[in-house]
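Trainee: To be precise about what I am sending: the file is called structure-v2.cif and holds mmCIF, C-alpha atoms.
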```cif
data_target
loop_
_atom_site.label_atom_id
_atom_site.label_comp_id
_atom_site.auth_asym_id
_atom_site.auth_seq_id
_atom_site.Cartn_x
_atom_site.Cartn_y
_atom_site.Cartn_z
CA MET A 100 -68.93 -42.51 -35.34
CA ALA A 101 -66.25 -40.28 -36.72
CA MET A 102 -67.77 -37.32 -34.99
CA ALA A 103 -67.72 -39.16 -31.70
CA VAL A 104 -64.05 -39.90 -32.08
CA LEU A 105 -63.36 -36.30 -32.91
CA ARG A 106 -65.34 -35.12 -29.94
CA ARG A 107 -63.49 -37.46 -27.68
CA GLU A 108 -60.20 -36.23 -29.13
CA GLY A 109 -61.27 -32.65 -28.62
CA ARG A 110 -62.26 -33.31 -25.03
CA ARG A 111 -58.94 -34.93 -24.34
CA PHE A 112 -57.10 -31.95 -25.74
CA ALA A 113 -59.27 -29.60 -23.72
CA ILE A 114 -58.71 -31.50 -20.50
CA SER A 115 -55.05 -32.16 -21.00
CA PRO A 116 -53.37 -29.65 -18.70
CA ASN A 117 -50.13 -29.56 -20.56
CA PRO A 118 -50.61 -29.57 -24.32
CA ILE A 119 -46.92 -29.09 -24.99
CA ALA A 120 -46.14 -32.17 -22.95
CA ALA A 121 -48.59 -34.13 -25.05
CA VAL A 122 -46.74 -33.14 -28.19
CA ARG A 123 -43.38 -33.67 -26.63
CA SER A 124 -44.25 -37.10 -25.37
CA SER A 125 -44.23 -38.37 -28.92
CA ILE A 126 -40.71 -37.08 -29.47
CA PHE A 127 -39.04 -37.78 -26.17
CA PRO A 128 -39.27 -40.89 -24.06
CA ALA A 129 -41.96 -40.73 -21.41
CA GLU A 130 -39.63 -40.99 -18.44
CA GLU A 131 -38.00 -37.68 -19.34
CA GLN A 132 -41.16 -35.84 -18.40
CA ALA A 133 -41.65 -34.21 -15.11
CA PRO A 134 -44.89 -35.02 -13.31
CA LEU A 135 -47.70 -32.54 -13.57
CA GLY A 136 -47.43 -29.35 -11.63
CA VAL A 137 -43.68 -29.46 -11.12
CA ARG A 138 -42.03 -26.43 -12.54
CA SER A 139 -38.45 -27.59 -12.67
CA ILE A 140 -35.81 -26.32 -15.05
CA SER A 141 -35.33 -28.70 -17.92
CA THR A 142 -31.93 -30.37 -17.88
CA GLN A 143 -32.65 -32.16 -21.11
CA ILE A 144 -30.52 -29.92 -23.32
CA VAL A 145 -27.53 -30.02 -21.06
CA ARG A 146 -27.78 -33.78 -20.77
CA ASN A 147 -27.91 -34.17 -24.54
CA ARG A 148 -24.88 -31.94 -24.99
CA MET A 149 -22.97 -33.88 -22.38
CA LYS A 150 -23.77 -37.07 -24.22
CA SER A 151 -22.58 -35.70 -27.56
CA VAL A 152 -19.41 -34.20 -26.10
CA LYS A 153 -18.66 -37.53 -24.47
CA SER A 154 -19.02 -39.41 -27.73
CA ILE A 155 -16.88 -36.85 -29.56
CA GLN A 156 -14.22 -37.28 -26.93
CA LYS A 157 -14.35 -41.03 -27.43
CA ILE A 158 -13.85 -40.60 -31.17
CA THR A 159 -10.92 -38.21 -30.84
CA LYS A 160 -9.29 -40.49 -28.29
CA ALA A 161 -9.61 -43.43 -30.66
CA MET A 162 -8.17 -41.37 -33.52
CA LYS A 163 -5.25 -40.42 -31.34
CA MET A 164 -4.52 -44.05 -30.57
CA VAL A 165 -4.73 -45.01 -34.24
CA ALA A 166 -2.41 -42.16 -35.21
CA ALA A 167 0.06 -43.14 -32.51
CA SER A 168 0.30 -46.72 -33.68
CA LYS A 169 0.58 -45.68 -37.32
CA LEU A 170 3.25 -43.17 -36.39
CA ARG A 171 5.40 -45.82 -34.74
CA ALA A 172 5.29 -47.98 -37.84
CA ILE A 173 6.09 -45.17 -40.21
CA GLN A 174 8.67 -43.36 -38.11
CA SER A 175 11.33 -46.04 -38.36
CA LYS A 176 10.74 -46.25 -42.10
CA ALA A 177 11.15 -42.50 -42.49
CA GLU A 178 14.29 -42.42 -40.42
CA ASN A 179 15.79 -45.30 -42.39
CA SER A 180 14.94 -43.65 -45.70
CA ARG A 181 17.09 -40.65 -44.83
CA GLY A 182 20.10 -42.74 -45.74
CA LEU A 183 18.88 -42.84 -49.32
CA TRP A 184 19.24 -39.19 -50.20
CA GLN A 185 22.21 -38.30 -48.06
CA PRO A 186 24.82 -39.70 -50.47
CA PHE A 187 23.16 -37.78 -53.29
CA THR A 188 23.39 -34.56 -51.37
CA ALA A 189 27.03 -35.29 -50.74
CA LEU A 190 27.60 -35.87 -54.45
CA LEU A 191 25.29 -33.50 -56.27
CA GLY A 192 24.53 -31.11 -53.47
CA ASP A 193 21.21 -29.55 -52.57
CA THR A 194 21.29 -26.19 -54.25
CA PRO A 195 18.01 -24.36 -54.06
CA SER A 196 19.63 -21.13 -55.22
CA VAL A 197 20.42 -22.25 -58.75
CA GLU A 198 18.32 -20.21 -61.18
CA VAL A 199 16.57 -22.19 -63.88
CA LYS A 200 13.82 -21.56 -66.37
CA LYS A 201 11.39 -24.37 -65.74
CA ASP A 202 10.67 -24.95 -62.10
CA VAL A 203 8.46 -27.79 -60.98
CA ILE A 204 7.28 -27.64 -57.40
CA VAL A 205 6.32 -31.01 -56.02
CA THR A 206 4.06 -30.34 -53.05
CA ILE A 207 3.56 -33.29 -50.76
CA SER A 208 0.46 -33.28 -48.58
CA SER A 209 -1.93 -35.71 -46.99
CA ASP A 210 -5.17 -37.12 -48.31
CA LYS A 211 -7.01 -36.83 -45.03
CA GLY A 212 -7.57 -33.84 -42.81
CA LEU A 213 -7.65 -33.38 -39.03
CA CYS A 214 -3.90 -33.18 -38.82
CA GLY A 215 -3.12 -29.66 -37.73
CA GLY A 216 -1.39 -27.23 -40.03
CA ILE A 217 1.03 -29.42 -41.94
CA ASN A 218 -0.80 -29.19 -45.24
CA SER A 219 -1.17 -25.42 -45.05
CA THR A 220 2.53 -25.16 -44.23
CA SER A 221 3.62 -27.05 -47.29
CA VAL A 222 1.17 -25.10 -49.47
CA LYS A 223 2.49 -21.84 -48.05
CA ILE A 224 6.08 -22.85 -48.73
CA SER A 225 5.16 -23.90 -52.26
CA LYS A 226 3.52 -20.58 -52.95
CA ALA A 227 6.51 -18.73 -51.55
CA LEU A 228 8.81 -20.79 -53.78
CA ASN A 229 6.62 -19.95 -56.73
CA LYS A 230 6.88 -16.24 -55.97
CA LEU A 231 10.60 -16.52 -55.35
CA ASN A 232 11.24 -18.18 -58.68
CA ALA A 233 8.86 -16.03 -60.69
CA GLY A 234 10.41 -14.11 -63.52
CA PRO A 235 9.64 -12.83 -67.00
CA ASP A 236 10.80 -15.85 -69.00
CA LYS A 237 10.32 -18.41 -66.27
CA GLU A 238 7.70 -21.01 -65.81
CA THR A 239 6.61 -22.64 -62.60
CA LYS A 240 4.37 -25.66 -62.43
CA TYR A 241 2.92 -27.59 -59.55
CA VAL A 242 2.82 -31.31 -59.09
CA ILE A 243 0.60 -32.08 -56.14
CA LEU A 244 0.66 -35.22 -54.07
CA GLY A 245 -2.39 -35.59 -51.87
CA GLU A 246 -5.90 -34.26 -51.73
CA LYS A 247 -5.47 -31.45 -49.24
CA ALA A 248 -2.85 -29.36 -51.01
CA LYS A 249 -4.90 -29.63 -54.17
CA ALA A 250 -7.93 -28.17 -52.41
CA GLN A 251 -5.84 -25.22 -51.27
CA LEU A 252 -3.87 -24.60 -54.44
CA ILE A 253 -6.89 -24.92 -56.71
CA ARG A 254 -8.13 -21.59 -55.42
CA ASP A 255 -5.53 -19.23 -56.79
CA SER A 256 -3.11 -21.17 -58.95
CA LYS A 257 -5.08 -23.83 -60.72
CA LYS A 258 -3.60 -22.74 -64.04
CA ASP A 259 -0.20 -23.88 -62.86
CA ILE A 260 -1.18 -27.35 -61.72
CA GLU A 261 0.32 -29.94 -63.97
CA LEU A 262 -0.26 -33.22 -62.21
CA ASN A 263 -2.19 -34.40 -59.20
CA ILE A 264 -1.59 -37.71 -57.48
CA THR A 265 -3.76 -39.06 -54.69
CA GLU A 266 -4.52 -42.21 -52.71
CA LEU A 267 -0.89 -42.86 -51.93
CA GLN A 268 -1.46 -44.36 -48.55
CA LYS A 269 -3.90 -47.09 -49.37
CA ASN A 270 -1.17 -49.63 -48.86
CA PRO A 271 1.74 -49.06 -46.53
CA LEU A 272 4.15 -46.74 -48.32
CA ASN A 273 6.95 -48.51 -50.13
CA TYR A 274 9.75 -47.59 -52.47
CA ALA A 275 8.33 -49.40 -55.49
CA GLN A 276 5.17 -47.31 -55.39
CA VAL A 277 6.94 -43.99 -54.88
CA SER A 278 9.40 -44.75 -57.64
CA VAL A 279 6.54 -45.42 -60.05
CA ILE A 280 5.09 -42.07 -59.05
CA ALA A 281 8.46 -40.41 -59.57
CA ASP A 282 8.67 -42.06 -62.95
CA ASP A 283 5.23 -40.73 -63.88
CA ILE A 284 6.20 -37.24 -62.82
CA LEU A 285 9.46 -37.36 -64.78
CA LYS A 286 7.73 -38.57 -67.89
CA ASN A 287 4.85 -36.11 -67.80
CA VAL A 288 6.53 -32.89 -66.77
CA GLU A 289 9.29 -30.88 -68.35
CA TYR A 290 11.66 -29.56 -65.78
CA ASP A 291 14.95 -27.89 -65.15
CA ALA A 292 14.64 -28.18 -61.43
CA LEU A 293 12.30 -30.20 -59.26
CA ARG A 294 11.64 -28.74 -55.87
CA VAL A 295 10.11 -31.21 -53.46
CA VAL A 296 8.25 -29.55 -50.59
CA PHE A 297 7.39 -31.60 -47.54
CA ASN A 298 7.28 -31.50 -43.76
CA LYS A 299 10.36 -33.10 -42.30
CA PHE A 300 9.63 -35.05 -39.18
CA GLN A 301 11.63 -33.92 -36.17
CA SER A 302 9.56 -35.01 -33.24
CA VAL A 303 5.90 -35.67 -32.56
CA VAL A 304 5.25 -31.97 -32.17
CA ALA A 305 7.89 -30.44 -34.45
CA PHE A 306 7.88 -30.51 -38.24
CA LEU A 307 10.28 -28.61 -40.42
CA PRO A 308 8.93 -27.48 -43.76
CA THR A 309 11.68 -28.56 -46.13
CA VAL A 310 12.57 -28.02 -49.76
CA SER A 311 14.77 -30.51 -51.58
CA THR A 312 15.99 -29.50 -55.00
CA VAL A 313 16.71 -31.96 -57.77
CA LEU A 314 18.35 -30.38 -60.80
CA SER A 315 18.02 -31.77 -64.26
CA PRO A 316 21.17 -33.37 -65.74
CA GLU A 317 21.74 -30.49 -68.16
CA VAL A 318 21.63 -27.94 -65.37
CA VAL A 319 23.96 -30.02 -63.22
CA GLU A 320 26.44 -30.25 -66.08
CA LYS A 321 26.24 -26.55 -66.76
CA GLU A 322 26.71 -25.71 -63.13
CA SER A 323 29.65 -28.03 -62.65
CA GLU A 324 31.35 -26.64 -65.77
CA ALA A 325 30.76 -23.11 -64.62
CA GLY A 326 32.49 -24.17 -61.42
CA GLY A 327 29.78 -22.86 -59.16
CA LYS A 328 28.48 -24.80 -56.21
CA LEU A 329 28.81 -28.10 -58.05
CA GLY A 330 32.37 -27.46 -59.19
CA ASP A 331 33.94 -30.43 -57.46
CA LEU A 332 31.79 -32.91 -59.36
CA ASP A 333 34.62 -33.19 -61.89
CA SER A 334 36.93 -34.63 -59.29
CA TYR A 335 34.85 -37.83 -59.29
CA GLU A 336 35.98 -40.52 -61.61
CA VAL A 337 33.42 -42.07 -63.94
CA GLU A 338 33.73 -45.79 -64.38
CA GLY A 339 32.79 -47.66 -67.53
CA GLY A 340 32.30 -46.48 -71.03
CA GLU A 341 29.43 -44.11 -70.39
CA THR A 342 29.60 -40.43 -70.87
CA LYS A 343 29.12 -38.07 -68.03
CA SER A 344 25.73 -36.89 -69.22
CA GLU A 345 24.36 -40.43 -69.28
CA ILE A 346 25.56 -41.04 -65.75
CA LEU A 347 24.11 -37.74 -64.65
CA GLN A 348 20.76 -38.49 -66.17
CA ASN A 349 20.56 -41.85 -64.41
CA LEU A 350 21.73 -40.26 -61.21
CA THR A 351 19.19 -37.47 -61.39
CA GLU A 352 16.32 -39.84 -61.96
CA PHE A 353 17.36 -42.05 -59.12
CA GLN A 354 17.99 -39.05 -56.91
CA PHE A 355 14.52 -37.73 -57.56
CA SER A 356 12.86 -41.02 -56.70
CA CYS A 357 14.90 -41.27 -53.50
CA VAL A 358 14.18 -37.71 -52.49
CA LEU A 359 10.50 -38.20 -53.23
CA PHE A 360 10.44 -41.45 -51.27
CA ASN A 361 11.99 -39.77 -48.28
CA GLY A 362 9.69 -36.76 -48.66
CA VAL A 363 6.55 -38.87 -48.82
CA LEU A 364 7.60 -40.87 -45.77
CA GLU A 365 8.61 -37.83 -43.76
CA ASN A 366 5.37 -36.11 -44.63
CA ALA A 367 3.29 -39.15 -43.71
CA CYS A 368 5.17 -39.32 -40.44
CA SER A 369 4.57 -35.64 -39.74
CA GLU A 370 0.92 -36.11 -40.65
CA GLN A 371 0.45 -38.83 -38.07
CA GLY A 372 2.37 -36.85 -35.47
CA ALA A 373 0.32 -33.75 -36.12
CA ARG A 374 -2.89 -35.74 -36.02
CA MET A 375 -1.85 -37.27 -32.75
CA SER A 376 -1.20 -33.94 -31.07
CA ALA A 377 -4.31 -32.39 -32.60
CA MET A 378 -6.48 -35.24 -31.35
CA ASP A 379 -4.80 -35.11 -27.98
CA SER A 380 -5.65 -31.46 -27.51
CA SER A 381 -9.16 -31.94 -28.81
CA SER A 382 -9.89 -34.76 -26.38
CA ARG A 383 -8.51 -32.56 -23.62
CA ASN A 384 -10.79 -29.75 -24.75
CA ALA A 385 -13.75 -32.12 -24.78
CA GLY A 386 -12.86 -33.17 -21.24
CA GLU A 387 -12.78 -29.57 -20.07
CA MET A 388 -16.08 -28.87 -21.77
CA LEU A 389 -17.59 -31.93 -20.17
CA ASP A 390 -16.41 -30.76 -16.75
CA ARG A 391 -18.04 -27.38 -17.26
CA LEU A 392 -21.27 -28.93 -18.49
CA THR A 393 -21.37 -31.40 -15.59
CA LEU A 394 -20.87 -28.56 -13.15
CA SER A 395 -23.71 -26.50 -14.57
CA TYR A 396 -25.91 -29.60 -14.83
CA ASN A 397 -25.36 -30.50 -11.19
CA ARG A 398 -25.92 -26.93 -10.11
CA THR A 399 -29.24 -26.77 -11.91
CA ARG A 400 -30.30 -30.09 -10.50
CA GLN A 401 -29.33 -28.99 -6.99
CA ALA A 402 -31.21 -25.73 -7.43
CA SER A 403 -34.38 -27.49 -8.51
CA ILE A 404 -34.15 -29.91 -5.58
CA THR A 405 -33.68 -27.00 -3.20
CA THR A 406 -36.66 -25.21 -4.66
CA GLU A 407 -38.80 -28.31 -4.25
CA LEU A 408 -37.70 -28.75 -0.66
CA ILE A 409 -38.48 -25.14 0.13
CA GLU A 410 -41.91 -25.51 -1.44
CA ILE A 411 -42.69 -28.66 0.55
CA ILE A 412 -41.45 -27.25 3.82
CA SER A 413 -43.17 -23.93 3.40
CA GLY A 414 -46.37 -25.73 2.39
CA ALA A 415 -46.19 -27.95 5.44
CA SER A 416 -45.51 -25.06 7.77
CA ALA A 417 -48.37 -23.14 6.21
CA LEU A 418 -50.69 -26.07 6.99
CA GLU A 419 -49.45 -26.26 10.56
CA GLY A 420 -49.66 -22.57 11.14
CA MET B 129 29.58 -54.38 -65.03
CA ALA B 130 27.82 -56.09 -67.86
CA SER B 131 24.81 -53.81 -67.65
CA ASN B 132 26.81 -50.78 -68.72
CA ALA B 133 26.41 -51.52 -72.36
CA ALA B 134 22.67 -51.94 -71.95
CA VAL B 135 21.96 -48.33 -71.01
CA PRO B 136 21.35 -46.94 -74.52
CA PHE B 137 19.01 -49.82 -75.29
CA TRP B 138 16.57 -49.44 -72.43
CA ARG B 139 16.73 -45.71 -72.70
CA SER B 140 15.78 -45.79 -76.35
CA ALA B 141 12.91 -48.09 -75.37
CA GLY B 142 11.49 -45.19 -73.39
CA MET B 143 12.48 -46.43 -69.97
CA THR B 144 13.96 -44.29 -67.28
CA TYR B 145 16.56 -45.42 -64.80
CA ILE B 146 13.76 -45.79 -62.25
CA THR B 147 11.86 -48.28 -64.38
CA TYR B 148 15.07 -50.13 -65.09
CA SER B 149 16.04 -50.34 -61.44
CA ASN B 150 12.50 -51.39 -60.50
CA ILE B 151 12.62 -54.26 -62.94
CA CYS B 152 15.98 -55.29 -61.53
CA ALA B 153 14.69 -55.03 -57.98
CA SER B 154 11.65 -57.11 -58.80
CA LEU B 155 13.91 -59.76 -60.32
CA VAL B 156 15.99 -59.87 -57.16
CA ARG B 157 12.86 -60.10 -55.02
CA ASN B 158 11.66 -63.06 -57.05
CA CYS B 159 14.96 -64.80 -56.51
CA LEU B 160 14.51 -64.85 -52.75
CA LYS B 161 13.53 -67.98 -50.87
CA GLU B 162 10.35 -68.32 -48.86
CA PRO B 163 9.31 -66.89 -46.43
CA HIS B 164 11.37 -63.81 -47.34
CA LYS B 165 9.94 -63.81 -50.82
CA THR B 166 6.30 -63.09 -49.94
CA GLU B 167 7.42 -60.49 -47.45
CA ALA B 168 9.58 -58.72 -50.01
CA ILE B 169 6.93 -58.94 -52.71
CA SER B 170 4.38 -57.39 -50.38
CA ARG B 171 6.61 -54.33 -50.43
CA GLU B 172 6.14 -53.72 -54.11
CA LYS B 173 2.42 -53.01 -54.09
CA VAL B 174 1.55 -50.01 -56.19
CA HIS B 175 -1.68 -48.09 -55.88
CA PHE B 176 -2.34 -44.43 -56.63
CA VAL B 177 -4.58 -42.22 -58.68
CA VAL B 178 -3.03 -39.75 -61.07
CA SER B 179 -4.80 -37.02 -62.99
CA LYS B 180 -3.26 -34.65 -65.47
CA TRP B 181 -4.35 -31.03 -65.53
CA ALA B 182 -4.84 -28.93 -68.59
CA ASP B 183 -5.88 -25.26 -68.56
CA GLY B 184 -6.74 -25.30 -64.89
CA LYS B 185 -9.03 -28.30 -65.09
CA PRO B 186 -8.33 -31.86 -64.07
CA GLU B 187 -8.67 -34.49 -66.72
CA LYS B 188 -10.10 -37.89 -66.01
CA PRO B 189 -8.04 -39.55 -63.29
CA THR B 190 -6.34 -42.83 -64.05
CA ILE B 191 -5.89 -45.42 -61.37
CA ARG B 192 -2.47 -47.05 -61.33
CA THR B 193 -2.74 -50.21 -59.36
CA ASP B 194 -1.43 -53.73 -59.53
CA GLN B 195 -4.16 -55.31 -57.47
CA PRO B 196 -7.54 -56.42 -58.75
CA GLU B 197 -10.33 -54.55 -57.02
#
```
Render the structure in this file as structure tokens.
Mentor:
Amino acid sequence: MAMAVLRREGRRFAISPNPIAAVRSSIFPAEEQAPLGVRSISTQIVRNRMKSVKSIQKITKAMKMVAASKLRAIQSKAENSRGLWQPFTALLGDTPSVEVKKDVIVTISSDKGLCGGINSTSVKISKALNKLNAGPDKETKYVILGEKAKAQLIRDSKKDIELNITELQKNPLNYAQVSVIADDILKNVEYDALRVVFNKFQSVVAFLPTVSTVLSPEVVEKESEAGGKLGDLDSYEVEGGETKSEILQNLTEFQFSCVLFNGVLENACSEQGARMSAMDSSSRNAGEMLDRLTLSYNRTRQASITTELIEIISGASALEG
Amino acid sequence: MASNAAVPFWRSAGMTYITYSNICASLVRNCLKEPHKTEAISREKVHFVVSKWADGKPEKPTIRTDQPE
């Protein structure tokens, strides 16, 4: 019995004119197969690629739409938050040139990728700041917000990473959250100057890598007494019974949380903008690729039809003649 | 300015100005009337993951959140 089955199987294999087709029929649907004896060029691969490019284009288009709607929501927030740090800059100034011993670089980046070069930009700026502030008795530490800057900084300066904060954007960004983060940073890191690095949002396609410096109260006091860039701080009158250092400490803490809030918002805004333009160009690229593939597909199809016609006509004329 | 005298007390309790102002802000939010209250309270959701690093290695991350998972 078993032998008979085997023999039958063997006969079928022997008779089958196209053994490869028999194997392929189990993988591909039957309708994809050309009838016996037709030697056409297979368009299967091109068709599959067209299908995949089309679905990639759909995905990138959807991502672009999502980024655009998120951008609108976050852009007004970011622009409103600029009013928070501006009074501080008027009062305490933004003085990146002040030399201090303990620098803390707060690098703001995104958690998710596919958003152009904004994360590499902020990492590059942070590294440059690190080099700029390096010195024999100086110490520079990183505080990293977001997954992507961590992945880049872990490579060559993981010894300097002090704190890493992620999953900021699970809820819509708000001040309460950012201030808790700022609080955590202040409590866990010793600093003379905090340098917040982020991408400032200018337009959907333009982001300015920005550094905001927050000096510690002691440094501010020293600077204002030395009469440097912060010399006119003394002309402000302090109300109440507090000493100047107390006021300065409160101010510095609040300034840092405001600057961080603005930085996080601006960076999130830039992220969505960058993602939007990146997705826009990638859907355009997919469209161009699809055009090229369609062209070559149609050409191949046309060529095979022409060949068939020629074969039929020449066969018919051979019969006649 | 009644709060002026309070500064040394909350500072010696280990609070920063940020914590202090957050507590004040939360108090103000809770004083609002509905429907503004729920809207304002929805703006104080906190969720992030923080991990300290020591000697080039991350320690176990802690999740800071105010919502039950």
Trainee: Please identify all residues of chain A having at least one atom at most 6 Å from any atom of chain B, considering all atoms listed in the file, and return them as an MDAnalysis selection string.
Mentor: chainID A and resid 257:258 261:267 273 275:276 349
Trainee: Using the chain letters and numbers from the file, which residues does the PyMOL selection byres ((chain A and resi 178) around 10) grab, as a PyMOL selection string?
Mentor: chain A and resi 173-177+179-182+300-301+361+364-365+368
Trainee: For CA of Gln348 (chain A) and CA of Val363 (chain A), quote the distance in Å rounded to one decimal.
Mentor: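 Spanning CA of Gln348 (chain A) to CA of Val363 (chain A) is a straight-line distance of 22.4 Å.
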Trainee: Please indicate the distance in Å from CA of Gly245 (chain A) to CA of Ser225 (chain A), rounded to one decimal place.
Mentor: 13.9 Å
Trainee: Report as a PDB file with C-alpha atoms, keeping the file's coordinate frame all protein, DNA and RNA residues lying within 8 Å of Gln251 (chain A), evaluated on all atoms listed in the file, omitting residues in the same chain fewer than 3 positions from it.
Mentor:
```pdb
ATOM      1  CA  SER A 219      -1.170 -25.420 -45.050  1.00  0.00           C
ATOM      2  CA  VAL A 222       1.170 -25.100 -49.470  1.00  0.00           C
ATOM      3  CA  LYS A 247      -5.470 -31.450 -49.240  1.00  0.00           C
ATOM      4  CA  ALA A 248      -2.850 -29.360 -51.010  1.00  0.00           C
ATOM      5  CA  ARG A 254      -8.130 -21.590 -55.420  1.00  0.00           C
TER       6      ARG A 254
END
```
Trainee: Rounded to one decimal, what separation in Å do you get between CA of Thr206 (chain A) and CA of Ser221 (chain A)?
Mentor: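 CA of Ser221 (chain A) lies 6.6 Å from CA of Thr206 (chain A).
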Trainee: For this file, the PyMOL selection byres ((chain A and resi 376) around 10) selects which residues, as a JSON list (two decimals) with C-alpha atoms, in the coordinates of the input?
Mentor:
```json
[["chain", "number", "residue", "atom", "x", "y", "z"],
["A", 163, "LYS", "CA", -5.25, -40.42, -31.34],
["A", 166, "ALA", "CA", -2.41, -42.16, -35.21],
["A", 167, "ALA", "CA", 0.06, -43.14, -32.51],
["A", 214, "CYS", "CA", -3.90, -33.18, -38.82],
["A", 215, "GLY", "CA", -3.12, -29.66, -37.73],
["A", 303, "VAL", "CA", 5.90, -35.67, -32.56],
["A", 304, "VAL", "CA", 5.25, -31.97, -32.17],
["A", 371, "GLN", "CA", 0.45, -38.83, -38.07],
["A", 372, "GLY", "CA", 2.37, -36.85, -35.47],
["A", 373, "ALA", "CA", 0.32, -33.75, -36.12],
["A", 374, "ARG", "CA", -2.89, -35.74, -36.02],
["A", 375, "MET", "CA", -1.85, -37.27, -32.75],
["A", 377, "ALA", "CA", -4.31, -32.39, -32.60],
["A", 378, "MET", "CA", -6.48, -35.24, -31.35],
["A", 379, "ASP", "CA", -4.80, -35.11, -27.98],
["A", 380, "SER", "CA", -5.65, -31.46, -27.51],
["A", 381, "SER", "CA", -9.16, -31.94, -28.81],
["A", 382, "SER", "CA", -9.89, -34.76, -26.38]]
```
Trainee: Selecting all heavy atoms, how would region 160-165 of chain B from this structure be written as a JSON list (two decimals), in the first residue's frame?
Mentor:
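Everything below was put into selection.json:
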```json
[["chain", "number", "residue", "atom", "x", "y", "z"],
["B", 160, "LEU", "N", -10.59, 76.01, 43.48],
["B", 160, "LEU", "CA", -11.40, 76.43, 42.34],
["B", 160, "LEU", "C", -12.77, 75.77, 42.38],
["B", 160, "LEU", "O", -12.97, 74.76, 43.05],
["B", 160, "LEU", "CB", -10.68, 76.04, 41.04],
["B", 160, "LEU", "CG", -9.48, 76.87, 40.63],
["B", 160, "LEU", "CD1", -8.76, 76.17, 39.51],
["B", 160, "LEU", "CD2", -9.93, 78.24, 40.20],
["B", 161, "LYS", "N", -13.70, 76.38, 41.62],
["B", 161, "LYS", "CA", -15.03, 75.76, 41.52],
["B", 161, "LYS", "C", -15.03, 74.85, 40.30],
["B", 161, "LYS", "O", -14.24, 75.02, 39.37],
["B", 161, "LYS", "CB", -16.07, 76.87, 41.33],
["B", 161, "LYS", "CG", -16.42, 77.57, 42.62],
["B", 161, "LYS", "CD", -17.54, 78.55, 42.35],
["B", 161, "LYS", "CE", -17.94, 79.26, 43.62],
["B", 161, "LYS", "NZ", -18.85, 80.38, 43.34],
["B", 162, "GLU", "N", -15.97, 73.91, 40.29],
["B", 162, "GLU", "CA", -16.19, 73.10, 39.10],
["B", 162, "GLU", "C", -16.78, 73.99, 38.02],
["B", 162, "GLU", "O", -17.51, 74.91, 38.34],
["B", 162, "GLU", "CB", -17.14, 71.94, 39.41],
["B", 162, "GLU", "CG", -16.61, 70.95, 40.42],
["B", 162, "GLU", "CD", -15.47, 70.08, 39.89],
["B", 162, "GLU", "OE1", -15.18, 70.16, 38.69],
["B", 162, "GLU", "OE2", -14.89, 69.35, 40.68],
["B", 163, "PRO", "N", -16.54, 73.77, 36.75],
["B", 163, "PRO", "CA", -15.75, 72.69, 36.15],
["B", 163, "PRO", "C", -14.26, 73.02, 36.06],
["B", 163, "PRO", "O", -13.49, 72.20, 35.60],
["B", 163, "PRO", "CB", -16.34, 72.59, 34.75],
["B", 163, "PRO", "CG", -16.75, 73.98, 34.42],
["B", 163, "PRO", "CD", -17.18, 74.61, 35.72],
["B", 164, "HIS", "N", -13.88, 74.23, 36.50],
["B", 164, "HIS", "CA", -12.47, 74.62, 36.35],
["B", 164, "HIS", "C", -11.55, 73.74, 37.21],
["B", 164, "HIS", "O", -10.39, 73.56, 36.89],
["B", 164, "HIS", "CB", -12.29, 76.09, 36.73],
["B", 164, "HIS", "CG", -13.21, 76.99, 35.97],
["B", 164, "HIS", "ND1", -13.04, 77.23, 34.63],
["B", 164, "HIS", "CD2", -14.30, 77.68, 36.35],
["B", 164, "HIS", "CE1", -14.00, 78.05, 34.22],
["B", 164, "HIS", "NE2", -14.79, 78.33, 35.25],
["B", 165, "LYS", "N", -12.12, 73.21, 38.26],
["B", 165, "LYS", "CA", -11.29, 72.46, 39.20],
["B", 165, "LYS", "C", -10.71, 71.20, 38.56],
["B", 165, "LYS", "O", -9.50, 70.98, 38.57],
["B", 165, "LYS", "CB", -12.16, 72.08, 40.41],
["B", 165, "LYS", "CG", -11.36, 71.50, 41.55],
["B", 165, "LYS", "CD", -12.28, 71.25, 42.74],
["B", 165, "LYS", "CE", -11.58, 70.51, 43.83],
["B", 165, "LYS", "NZ", -12.46, 70.26, 44.97]]
```
